[in-house]
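> Encoded as C-alpha cells, here's the structure I'll be asking about.
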Amino acid sequence: MTTVQRRRGVPVTGRTVLLALPLLGFALVGLLAPVLAPADPTATDLAASLRPPSAEHLLGTDQLGRDQLSRLLYGARSSLTVAAAVLAVSMTVGVVVGTVAGYLGGVPDRVVARLVDTAVSLPGMLVALAVIGVRGPGVENLVIALCLWAWAPYARIARARVAGLRGSPHLDALRLLGAGPARIVGRHLLPPALAPCLVYASTDVGTIVLGVATLSFLGLGIPPPQAEWGQMLIEGRPFLASAWWLAYPPGIAITAVVFASNLLGERLAVGDERPSILRWLLPTRRRTRPATPPADPAAPPDAPAAPTVTARPTTAALTATATVRPTTADPDTGHPARSALTGLPAASTGISSGDDSLLSVRGLSVAYPRDGGPHRVVADVSYDVRRGQILAVVGETGSGKTTAVLAPFGLLDPAATVTGSAVLRAGDGFRQLVGHPPHQRHHQGRRGHDRRVGVVFQDSLAVLNPVRTIGAHVDEAVRNAGRGGRRATTRRVTEELLRLVGLPDPAGTARAFPHQLSGGMRQRVQIAVAIAGEPELLVADEPTSALDVTVQAQLLDLLTGLRDELDMAMILISHDLAVVTRLADRVAVMYAGRIVESGPLASIVGNPDHPYTRGLLDAVPRPDAAPGTRFRTMPGRSGTGPDDSGGCAFAARCPSVVPACAHHQPVPVTLGPAHRSACSRPRDTTVPVTGTAAGPDGR
Ligand SMILES: Nc1ncnc2c1ncn2[C@@H]1O[C@H](COP(=O)(O)OP(=O)(O)OP(=O)(O)O)[C@@H](O)[C@H]1O
C-alpha cells in the first residue's frame with residue numbers, strides 16, 4: 001500500500017507563472033509609478049505640445065505637453081487602486097454573505113439567492129452609470145458603483161461551495177467535536193469558499209480595469225487631471241491620425257491587462273490550483289512536510305516499508321497529559337449535569353438508574369420528504385447500548401443502518417424528520433436527544449451530548465480537510481475537548497493520541513496532509529480525532545469498508561483494544577457480518593428500515609431466527625470451506641422502505657413466507673435472553689436455507 005501519494009491538482013508550473021507575470025507587472029508598475037515616472041503626469045508645458053516619442057519623452061507628449069509615459073504609469077496606479085478597492089470590498093462582502101447563507105440554509109439562503117440573482121441579472125455598467133449619475137464622478141463613487149454589482153458573483157460562488165459542504169461528514173465530525181458555528185464558518189468554510197473566489201478574482205481584475213476605463217472614457221470615472229487609461233483614450237481620439245502615441249499605448253495597456261487576467265483565470269480554473277493558492281495566502285497553513293513520509297502501519301506485512309504496529313501506550317500515558325473531564329458537571333453551564341438536562345426522570349427514559357445503559361433508543365422513526373409527503377426510511381427502531389459494549393448494526397445497503405444510528409445525534413440531512421426517543425446518559429442524569437427543531441439539531445453536537453460521542457466515518461478523505469495537516473485536525477479536537485493548552489502542550493496530547501491509534505512517528509504524521517497518508521492511516525487519524533474527547537460512545541460507520549482485508553483486521557483489532565483501554569461503548573455500522581463477528585457483543589439486523597432481529601452475537605450467529613439473518617449468515621464466505629465450495633446469495637432485491645409493503649417487507653424474498661406475512665407487520669417476540677425476532681411464521685417450523693448456492697463468481 002502506498003504511503004505517500006502524489007499531491008492532487010496541477011503544481012504551480014512555469015506556464016502559470018508566465019501567465020501571472022503581466023498582471024504582476026501591472027501591479028508593480030502601479031505601485032512604483034512615483035518612482036518610475038520620469039515627470040509629473042499632470043504638469044503641463046504647452047510649448048512641448050504633441051511631441052512624438054523621443055529620448056526626452058519616450059512615449060511623446062499630449063496636447064497639453066504632459067509626458068505620456070508618466071501618464072501611462074500613473075494610469076496603471078489609478079486602475080490598480082480602484083481594482084484593489086473594488087476587489088477587496090466585493091470579495092469580502094460576497095464571500096462572507098455567500099458562506100453564511102450557504103451554511104445557514106433555509107430562509108436566509110433563499111433571500112441571499114434572490115438578491116444575488118437580481119444583482120447578477122442587472123447590467124453592471126448601467127448600474128454604475130446610474131449610481132455615478134446620482135452621486136457624481138470621483139474615485140469613491142466609482143468604487144461604490146462597481147462594488148454594487150461586483151459582489152454578487154463572489155456570493156454565488158461561495159454559497160454554492162458551502163452548500164455542497166453543509167451536510168458533509170467533515171462538518172458533522174466537527175459539530176460532534178464541539179466546534180461552534182463561528183469556528184466552523186470561519187475556520188472550515190471560509191477557506192474553501194475563498195479558494196474558487198480567488199480564481200474568479202484573477203479574471204475579475206480585467207473586468208474591473210475595463211469598467212474603470214469605460215467609465216472614465218465616458219467622463220464618469222476618475223476626474224481629470226488625474227491620469228487614467230480610459231481618459232487618455234478619449235483625449236487621444238481626436239489625434240488618432242496625427243499623433244498615434246496618444247491613444248495606442250493606453251489602448252494596448254487595457255487590452256493586455258484584460259487578456260492576461262482572463263488567461264490566468266482560465267489557467268487557474270482548469271488547473272485547479274486552488275489549494276496551492278490557499279497554502280500561499282493563508283498563514284495558518286503549514287507547508288512543511290515530514291522529511292520522511294510516515295510509514296503505513298496498516299500495510300501488509302510483506303510490503304517493504306511496512307513497520308509493525310507500535311506497542312500501544314496505556315491509557316495512563318494518555319490521561320497523564322489530559323485534563324480530567326468532570327462527569328457530574330455540564331461543561332457548558334458548569335452546573336451539575338442533572339440540572340443541565342432536560343429534567344427527564346430516570347423512569348421515563350427506559351433506562352433504570354441502576355443499569356449501565358449509555359444510550360437508549362425507543363420507537364425511532366425517520367422520514368424524508370418525497371412526492372409531496374413524508375416518506376419513512378426508518379420505522380419504529382429501538383435499541384440499547386451499554387457501557388463498554390459493542391453493538392453492531394448490520395443489513396444490506398439501504399436498509400437504514402446509518403440513518404437509525406446517526407439520527408439521535410442530529411447528523412442527518414436537515415430535511416429529515418426524526419421522531420421517537422433517544423436518551424443518552426450524561427453524568428448522573430439523562431439527556432433526550434430527539435425532538436429538537438431542525439435548526440437546533442445541527443448544533444446538537446455541542447449542546448446535545450457534550451463530546452460524549454465520537455464518530456468515525458467510512459470516507460476519511462471527505463472527513464479530513466485536505467488543506468489542513470493531520471496535526472491541525474487532532475489539535476482542534478484536543479482543544480475542543482478542553483484538553484489543549486499552550487500550542488506545545490496541545491501538540492503533545494495530539495502526538496500521544498496518534499501513537500495510541502498505532503501511527504508510528506507521530507510528530508512526522510502530525511505534519512503530513514491527509515492525501516499523504518494511506519486509507520488505513522487516515523482511518524486511524526479519524527479514530528484519534530474521535531477519541532480526543534475520551535468519548536463514552538464511539539460510532540463507527542463502516543470504518544473498514546474501503547480497506548483491504550489485512551488493514552481491515554488491524555483496524556478492527558485497534559477498535560477492540562481501544563474499547564478495552566478506554567472503556568468505551570461502540571456502535572459499529574456494517575454490512576459485513578464477517579467484520580461484525582470479530583468484535584461485536586450484540587447485533588441488530590436491519591431490513592427495509594426496521595430491526596428484524598437483535599440479540600447477543602452468540603445467539604444471532606449460533607441460533608438465527610429471522611430468515612433474513614439466516615440469509616446474511618449463509619452469504620458469508622467461510623475460510624474453512626473446501627476450495628470450489630459454492631457460497632449462497634439471497635435472491636431478490638433489498639427492501640425499499642418500511643412503508644412500501646402492507647406486511648413484512650422481506651416476504652417477497654423469504655423462503656418461509658406464510659399468508660399472514662403479506663398483510664401483517666410482524667411483531668418482535670422474545671426468543672431467549674435479550675434475543676428478539678420479528679417474524680410471523682409459526683415457530684415450530686425450521687427455517688430453510690435461504691437463497692441459492694453460488695460460485696465465487698456469484699453464479
Ligand atoms: N438525505 C436523504 N434524503 C432522502 N432519502 C435518504 C437520505 N439519506 C438517506 N436516505 C434514504 O434512507 C434509506 C436508508 O439509508 P441509509 O444510508 O441509512 O442506509 P444504509 O443501510 O446505511 O446503507 P449503506 O450501507 O449503503 O450506507 C435509503 O433508502 C436512502 O435512500
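By order in the C-alpha cells, chains are A, B, ...; within a chain, residues start at 1; ligands start at 1, following the order shown.
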Give me, as a ChimeraX atom specification, the residues of stretch 461-562 of chain A that a backbone DSSP run labels alpha helix (DSSP H).
/A:461-463,470-480,487-500,506-511,519-531,549-562
> Which residues are near ligand 1 - at most 6 Å, using only C-alpha atoms and all ligand atoms? Format: as a PyMOL selection string.
chain A and resi 368+377+396-403+413
> Under the rule that only C-alpha atoms are counted, which of A:Arg468, A:His575, A:Arg499, A:His610 is the nearest residue to A:Asp541?
A:His575
> Pick out the residues sitting within 6 Å of A:Ala588, and hand them over as a short mmCIF file (atom, residue, chain, number, x, y, z; two decimals) with C-alpha atoms, in the first residue's frame; count only C-alpha atoms, and ignore anything fewer than 5 positions along from it in its own chain.

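Saved the output as selection11.cif:
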```cif
data_model
loop_
_atom_site.label_atom_id
_atom_site.label_comp_id
_atom_site.auth_asym_id
_atom_site.auth_seq_id
_atom_site.Cartn_x
_atom_site.Cartn_y
_atom_site.Cartn_z
CA VAL A 393 -25.99 -2.77 13.29
CA GLU A 597 -33.74 -9.42 14.79
CA SER A 598 -31.45 -8.45 17.64
#
```
> Using DSSP on the backbone coordinates, identify the residues of stretch 429-593 of chain A assigned to strand (DSSP E or B); present them as a list of chain:residue names.
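Taking stretch 429-593 of chain A and keeping strand (DSSP E or B) only, one gets A:Gly429, A:Phe430, A:Arg431, A:Gln432, A:Val453, A:Gly454, A:Val455, A:Val456, A:Leu537, A:Leu538, A:Val539, A:Ala540, A:Asp541, A:Ala569, A:Met570, A:Ile571, A:Leu572, A:Ile573, A:Ser574, A:Arg586, A:Val587, A:Ala588, A:Val589, A:Met590, A:Tyr591.
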> Mind writing the picked residues with C-alpha atoms as an mmCIF file, in the first residue's frame?

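And here is the file that came out, out.cif:
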```cif
data_model
loop_
_atom_site.group_PDB
_atom_site.id
_atom_site.type_symbol
_atom_site.label_atom_id
_atom_site.label_comp_id
_atom_site.auth_asym_id
_atom_site.auth_seq_id
_atom_site.Cartn_x
_atom_site.Cartn_y
_atom_site.Cartn_z
ATOM 1 C CA GLY A 429 -28.710 12.165 34.561
ATOM 2 C CA PHE A 430 -30.135 11.613 31.120
ATOM 3 C CA ARG A 431 -30.482 13.764 28.031
ATOM 4 C CA GLN A 432 -33.195 13.451 25.405
ATOM 5 C CA VAL A 453 -19.868 10.701 21.498
ATOM 6 C CA GLY A 454 -17.178 10.318 18.838
ATOM 7 C CA VAL A 455 -17.823 9.324 15.239
ATOM 8 C CA VAL A 456 -15.664 7.597 12.651
ATOM 9 C CA LEU A 537 -19.621 6.121 22.965
ATOM 10 C CA LEU A 538 -17.879 5.723 19.626
ATOM 11 C CA VAL A 539 -19.996 5.419 16.490
ATOM 12 C CA ALA A 540 -18.126 3.764 13.639
ATOM 13 C CA ASP A 541 -19.945 3.929 10.291
ATOM 14 C CA ALA A 569 -19.209 1.664 24.212
ATOM 15 C CA MET A 570 -19.331 1.390 20.450
ATOM 16 C CA ILE A 571 -21.917 1.204 17.703
ATOM 17 C CA LEU A 572 -20.482 -0.420 14.623
ATOM 18 C CA ILE A 573 -22.434 0.020 11.397
ATOM 19 C CA SER A 574 -21.556 -2.605 8.841
ATOM 20 C CA ARG A 586 -24.673 -7.573 20.397
ATOM 21 C CA VAL A 587 -26.106 -7.455 16.897
ATOM 22 C CA ALA A 588 -29.150 -5.656 15.485
ATOM 23 C CA VAL A 589 -30.132 -6.819 11.996
ATOM 24 C CA MET A 590 -31.966 -4.231 9.885
ATOM 25 C CA TYR A 591 -34.105 -4.778 6.838
#
```
> I'd like the contact shell of stretch 211-217 of chain A - 10 Å cut-off, only C-alpha atoms, skipping same-chain residues fewer than 2 positions apart - returned as an NGL selection string.
:A and (75 or 78-80 or 82-83 or 124-125 or 128-129 or 132 or 137-139 or 142-143 or 146 or 205-209 or 219-224 or 228-235 or 250-251 or 254)
> Restricting it to N, CA and C atoms, dump the selection as a short mmCIF file (atom, residue, chain, number, x, y, z; two decimals), in the first residue's frame.

```
data_model
loop_
_atom_site.label_atom_id
_atom_site.label_comp_id
_atom_site.auth_asym_id
_atom_site.auth_seq_id
_atom_site.Cartn_x
_atom_site.Cartn_y
_atom_site.Cartn_z
N GLY A 75 -1.53 56.02 -14.82
CA GLY A 75 -2.82 55.43 -15.19
C GLY A 75 -2.95 54.02 -14.62
N SER A 78 -3.85 54.35 -11.01
CA SER A 78 -5.27 54.66 -10.77
C SER A 78 -6.12 53.40 -10.92
N SER A 79 -5.86 52.66 -12.04
CA SER A 79 -6.66 51.44 -12.27
C SER A 79 -6.43 50.43 -11.16
N LEU A 80 -5.17 50.29 -10.74
CA LEU A 80 -4.83 49.32 -9.70
C LEU A 80 -5.52 49.68 -8.38
N VAL A 82 -8.29 51.43 -7.88
CA VAL A 82 -9.73 51.16 -7.93
C VAL A 82 -9.99 49.66 -7.94
N ALA A 83 -9.21 48.92 -8.77
CA ALA A 83 -9.43 47.46 -8.85
C ALA A 83 -9.20 46.82 -7.49
N GLY A 124 -24.31 45.50 -15.30
CA GLY A 124 -23.41 46.17 -14.35
C GLY A 124 -23.09 47.59 -14.74
N MET A 125 -22.85 47.81 -16.02
CA MET A 125 -22.44 49.15 -16.43
C MET A 125 -23.57 50.15 -16.26
N ALA A 128 -23.71 51.10 -12.67
CA ALA A 128 -22.64 52.03 -12.34
C ALA A 128 -22.98 53.43 -12.87
N LEU A 129 -23.52 53.49 -14.09
CA LEU A 129 -23.87 54.79 -14.67
C LEU A 129 -24.93 55.49 -13.81
N ILE A 132 -23.30 56.72 -10.48
CA ILE A 132 -22.44 57.89 -10.67
C ILE A 132 -23.27 59.08 -11.14
N PRO A 137 -19.15 62.03 -10.37
CA PRO A 137 -17.91 61.29 -10.58
C PRO A 137 -16.97 61.41 -9.38
N GLY A 138 -15.94 60.58 -9.37
CA GLY A 138 -14.97 60.58 -8.26
C GLY A 138 -14.58 59.16 -7.94
N VAL A 139 -13.38 58.99 -7.38
CA VAL A 139 -12.87 57.65 -7.13
C VAL A 139 -13.79 56.88 -6.18
N LEU A 142 -16.92 55.83 -7.83
CA LEU A 142 -16.60 54.80 -8.82
C LEU A 142 -16.50 53.43 -8.15
N VAL A 143 -15.82 53.41 -6.98
CA VAL A 143 -15.67 52.14 -6.24
C VAL A 143 -17.05 51.64 -5.80
N LEU A 146 -19.00 50.24 -8.79
CA LEU A 146 -18.53 48.94 -9.28
C LEU A 146 -18.81 47.82 -8.28
N VAL A 205 -10.14 41.08 -12.24
CA VAL A 205 -9.25 42.24 -12.33
C VAL A 205 -9.42 42.90 -13.69
N GLY A 206 -9.40 42.08 -14.74
CA GLY A 206 -9.53 42.61 -16.09
C GLY A 206 -10.86 43.31 -16.28
N THR A 207 -11.94 42.68 -15.76
CA THR A 207 -13.28 43.27 -15.92
C THR A 207 -13.34 44.63 -15.22
N ILE A 208 -12.75 44.71 -14.04
CA ILE A 208 -12.82 45.97 -13.29
C ILE A 208 -11.98 47.05 -13.98
N VAL A 209 -10.78 46.67 -14.43
CA VAL A 209 -9.93 47.65 -15.13
C VAL A 209 -10.67 48.17 -16.37
N GLY A 219 -16.35 59.96 -19.26
CA GLY A 219 -16.25 61.17 -18.42
C GLY A 219 -16.86 60.98 -17.06
N LEU A 220 -17.12 59.70 -16.64
CA LEU A 220 -17.78 59.45 -15.35
C LEU A 220 -16.86 58.72 -14.37
N GLY A 221 -15.62 58.53 -14.77
CA GLY A 221 -14.71 57.77 -13.91
C GLY A 221 -13.82 58.70 -13.11
N ILE A 222 -12.53 58.44 -13.19
CA ILE A 222 -11.57 59.24 -12.44
C ILE A 222 -11.46 60.62 -13.10
N PRO A 223 -11.71 61.68 -12.32
CA PRO A 223 -11.77 63.01 -12.96
C PRO A 223 -10.38 63.54 -13.35
N PRO A 224 -10.27 64.33 -14.47
CA PRO A 224 -9.02 64.94 -14.84
C PRO A 224 -8.62 66.01 -13.78
N GLU A 228 -5.50 58.52 -16.20
CA GLU A 228 -6.25 57.26 -16.20
C GLU A 228 -6.33 56.80 -17.65
N TRP A 229 -6.25 55.48 -17.87
CA TRP A 229 -6.14 54.96 -19.23
C TRP A 229 -7.35 55.30 -20.11
N GLY A 230 -8.56 55.15 -19.58
CA GLY A 230 -9.76 55.44 -20.37
C GLY A 230 -9.81 56.91 -20.77
N GLN A 231 -9.41 57.74 -19.80
CA GLN A 231 -9.39 59.18 -20.06
C GLN A 231 -8.32 59.52 -21.12
N MET A 232 -7.17 58.82 -21.07
CA MET A 232 -6.13 59.05 -22.06
C MET A 232 -6.63 58.68 -23.45
N LEU A 233 -7.45 57.63 -23.48
CA LEU A 233 -8.00 57.19 -24.77
C LEU A 233 -8.90 58.27 -25.38
N ILE A 234 -9.81 58.80 -24.55
CA ILE A 234 -10.74 59.79 -25.09
C ILE A 234 -10.00 61.07 -25.49
N GLU A 235 -8.95 61.40 -24.71
CA GLU A 235 -8.18 62.60 -25.04
C GLU A 235 -7.37 62.40 -26.33
N PRO A 250 -2.34 53.56 -24.14
CA PRO A 250 -3.35 53.15 -23.14
C PRO A 250 -4.26 52.03 -23.65
N GLY A 251 -4.56 52.07 -24.97
CA GLY A 251 -5.41 51.00 -25.54
C GLY A 251 -4.73 49.65 -25.40
N ILE A 254 -4.75 48.50 -21.67
CA ILE A 254 -6.05 47.95 -21.22
C ILE A 254 -6.23 46.54 -21.79
#
```
> So which residues touch A:Asp567 within 12 Å, counting only C-alpha atoms, skipping near sequence neighbours fewer than 2 positions away, as a PyMOL selection string?
chain A and resi 315+358+386-390+531+534-538+559-565+569-570
> Using N, CA and C atoms, can you write the selected residues to a file as a CSV table (one decimal), in the first residue's frame?

```csv
chain,number,residue,atom,x,y,z
A,315,THR,N,-3.5,3.8,28.8
A,315,THR,CA,-4.4,5.0,28.9
A,315,THR,C,-3.8,5.9,30.0
A,358,LEU,N,-26.1,3.3,28.2
A,358,LEU,CA,-25.5,4.6,27.9
A,358,LEU,C,-26.4,5.3,26.9
A,386,ARG,N,-24.9,-0.4,26.0
A,386,ARG,CA,-24.5,-0.4,27.4
A,386,ARG,C,-23.0,0.0,27.5
A,387,ARG,N,-22.6,0.5,28.6
A,387,ARG,CA,-21.2,0.9,28.8
A,387,ARG,C,-20.2,-0.3,28.4
A,388,GLY,N,-19.2,0.0,27.6
A,388,GLY,CA,-18.2,-0.9,27.3
A,388,GLY,C,-18.7,-2.0,26.3
A,389,GLN,N,-19.9,-1.8,25.8
A,389,GLN,CA,-20.4,-2.9,24.9
A,389,GLN,C,-20.3,-2.4,23.4
A,390,ILE,N,-20.1,-3.4,22.5
A,390,ILE,CA,-20.1,-3.1,21.1
A,390,ILE,C,-21.4,-3.6,20.5
A,531,ILE,N,-11.5,10.0,19.5
A,531,ILE,CA,-11.4,9.7,20.9
A,531,ILE,C,-10.7,10.8,21.7
A,534,GLU,N,-12.2,11.6,24.8
A,534,GLU,CA,-12.4,10.4,25.6
A,534,GLU,C,-13.9,10.1,25.7
A,535,PRO,N,-14.5,9.9,24.5
A,535,PRO,CA,-16.0,9.7,24.4
A,535,PRO,C,-16.4,8.4,25.2
A,536,GLU,N,-17.6,8.4,25.6
A,536,GLU,CA,-18.1,7.2,26.3
A,536,GLU,C,-18.7,6.3,25.2
A,537,LEU,N,-19.0,6.9,24.0
A,537,LEU,CA,-19.6,6.1,23.0
A,537,LEU,C,-18.9,6.5,21.7
A,538,LEU,N,-18.5,5.5,20.9
A,538,LEU,CA,-17.9,5.7,19.6
A,538,LEU,C,-18.8,5.1,18.6
A,559,LEU,N,-9.8,-1.0,17.2
A,559,LEU,CA,-11.0,-0.6,17.9
A,559,LEU,C,-11.4,-1.4,19.1
A,560,THR,N,-11.2,-2.7,19.0
A,560,THR,CA,-11.4,-3.6,20.2
A,560,THR,C,-10.5,-3.2,21.3
A,561,GLY,N,-9.2,-3.0,21.0
A,561,GLY,CA,-8.2,-2.6,22.0
A,561,GLY,C,-8.6,-1.3,22.7
A,562,LEU,N,-9.1,-0.3,21.9
A,562,LEU,CA,-9.4,1.0,22.4
A,562,LEU,C,-10.7,0.9,23.3
A,563,ARG,N,-11.6,0.0,22.9
A,563,ARG,CA,-12.8,-0.2,23.7
A,563,ARG,C,-12.4,-0.7,25.1
A,564,ASP,N,-11.4,-1.6,25.1
A,564,ASP,CA,-11.0,-2.2,26.4
A,564,ASP,C,-10.2,-1.2,27.2
A,565,GLU,N,-9.3,-0.4,26.5
A,565,GLU,CA,-8.5,0.5,27.3
A,565,GLU,C,-9.3,1.7,27.8
A,569,ALA,N,-18.2,2.5,24.9
A,569,ALA,CA,-19.2,1.7,24.2
A,569,ALA,C,-19.0,2.0,22.7
A,570,MET,N,-19.5,1.1,21.9
A,570,MET,CA,-19.3,1.4,20.5
A,570,MET,C,-20.5,0.9,19.7
```
> Out of A:Ala55, A:Leu73, A:Arg676, A:Leu601, which residue has the shortest atom-to-atom distance to A:Val35 when counting only C-alpha atoms?
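The answer is A:Leu73, which sits nearest to A:Val35.
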> Between A:Leu87, A:Leu246, A:Leu517, A:Ala379, which is the closest to A:Arg51 once you count only C-alpha atoms?
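For A:Arg51, the nearest of the candidates is A:Leu246.
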> Fewer than 2 positions away in the same chain doesn't count, so skip those; otherwise give me all residues within 8 Å of A:Gln665, counting only C-alpha atoms, as a PDB file with N, CA and C atoms, in the first residue's frame.

```pdb
ATOM      1  N   GLY A 646     -47.535  -3.683   2.715  1.00  0.00           N
ATOM      2  CA  GLY A 646     -48.546  -3.714   3.776  1.00  0.00           C
ATOM      3  C   GLY A 646     -48.142  -4.641   4.910  1.00  0.00           C
ATOM      4  N   GLY A 647     -47.359  -5.674   4.611  1.00  0.00           N
ATOM      5  CA  GLY A 647     -46.968  -6.635   5.639  1.00  0.00           C
ATOM      6  C   GLY A 647     -45.475  -6.630   5.853  1.00  0.00           C
ATOM      7  N   CYS A 648     -44.894  -7.845   5.886  1.00  0.00           N
ATOM      8  CA  CYS A 648     -43.457  -7.952   6.113  1.00  0.00           C
ATOM      9  C   CYS A 648     -42.713  -7.574   4.833  1.00  0.00           C
ATOM     10  N   CYS A 661     -47.845 -13.068   6.284  1.00  0.00           N
ATOM     11  CA  CYS A 661     -46.736 -12.135   6.032  1.00  0.00           C
ATOM     12  C   CYS A 661     -47.153 -11.013   5.088  1.00  0.00           C
ATOM     13  N   HIS A 663     -49.924  -9.405   4.939  1.00  0.00           N
ATOM     14  CA  HIS A 663     -50.865  -8.413   5.478  1.00  0.00           C
ATOM     15  C   HIS A 663     -50.471  -7.847   6.827  1.00  0.00           C
ATOM     16  N   VAL A 667     -44.621  -8.824  14.636  1.00  0.00           N
ATOM     17  CA  VAL A 667     -44.364  -8.238  15.961  1.00  0.00           C
ATOM     18  C   VAL A 667     -43.135  -8.937  16.554  1.00  0.00           C
TER      19      VAL A 667
END
```
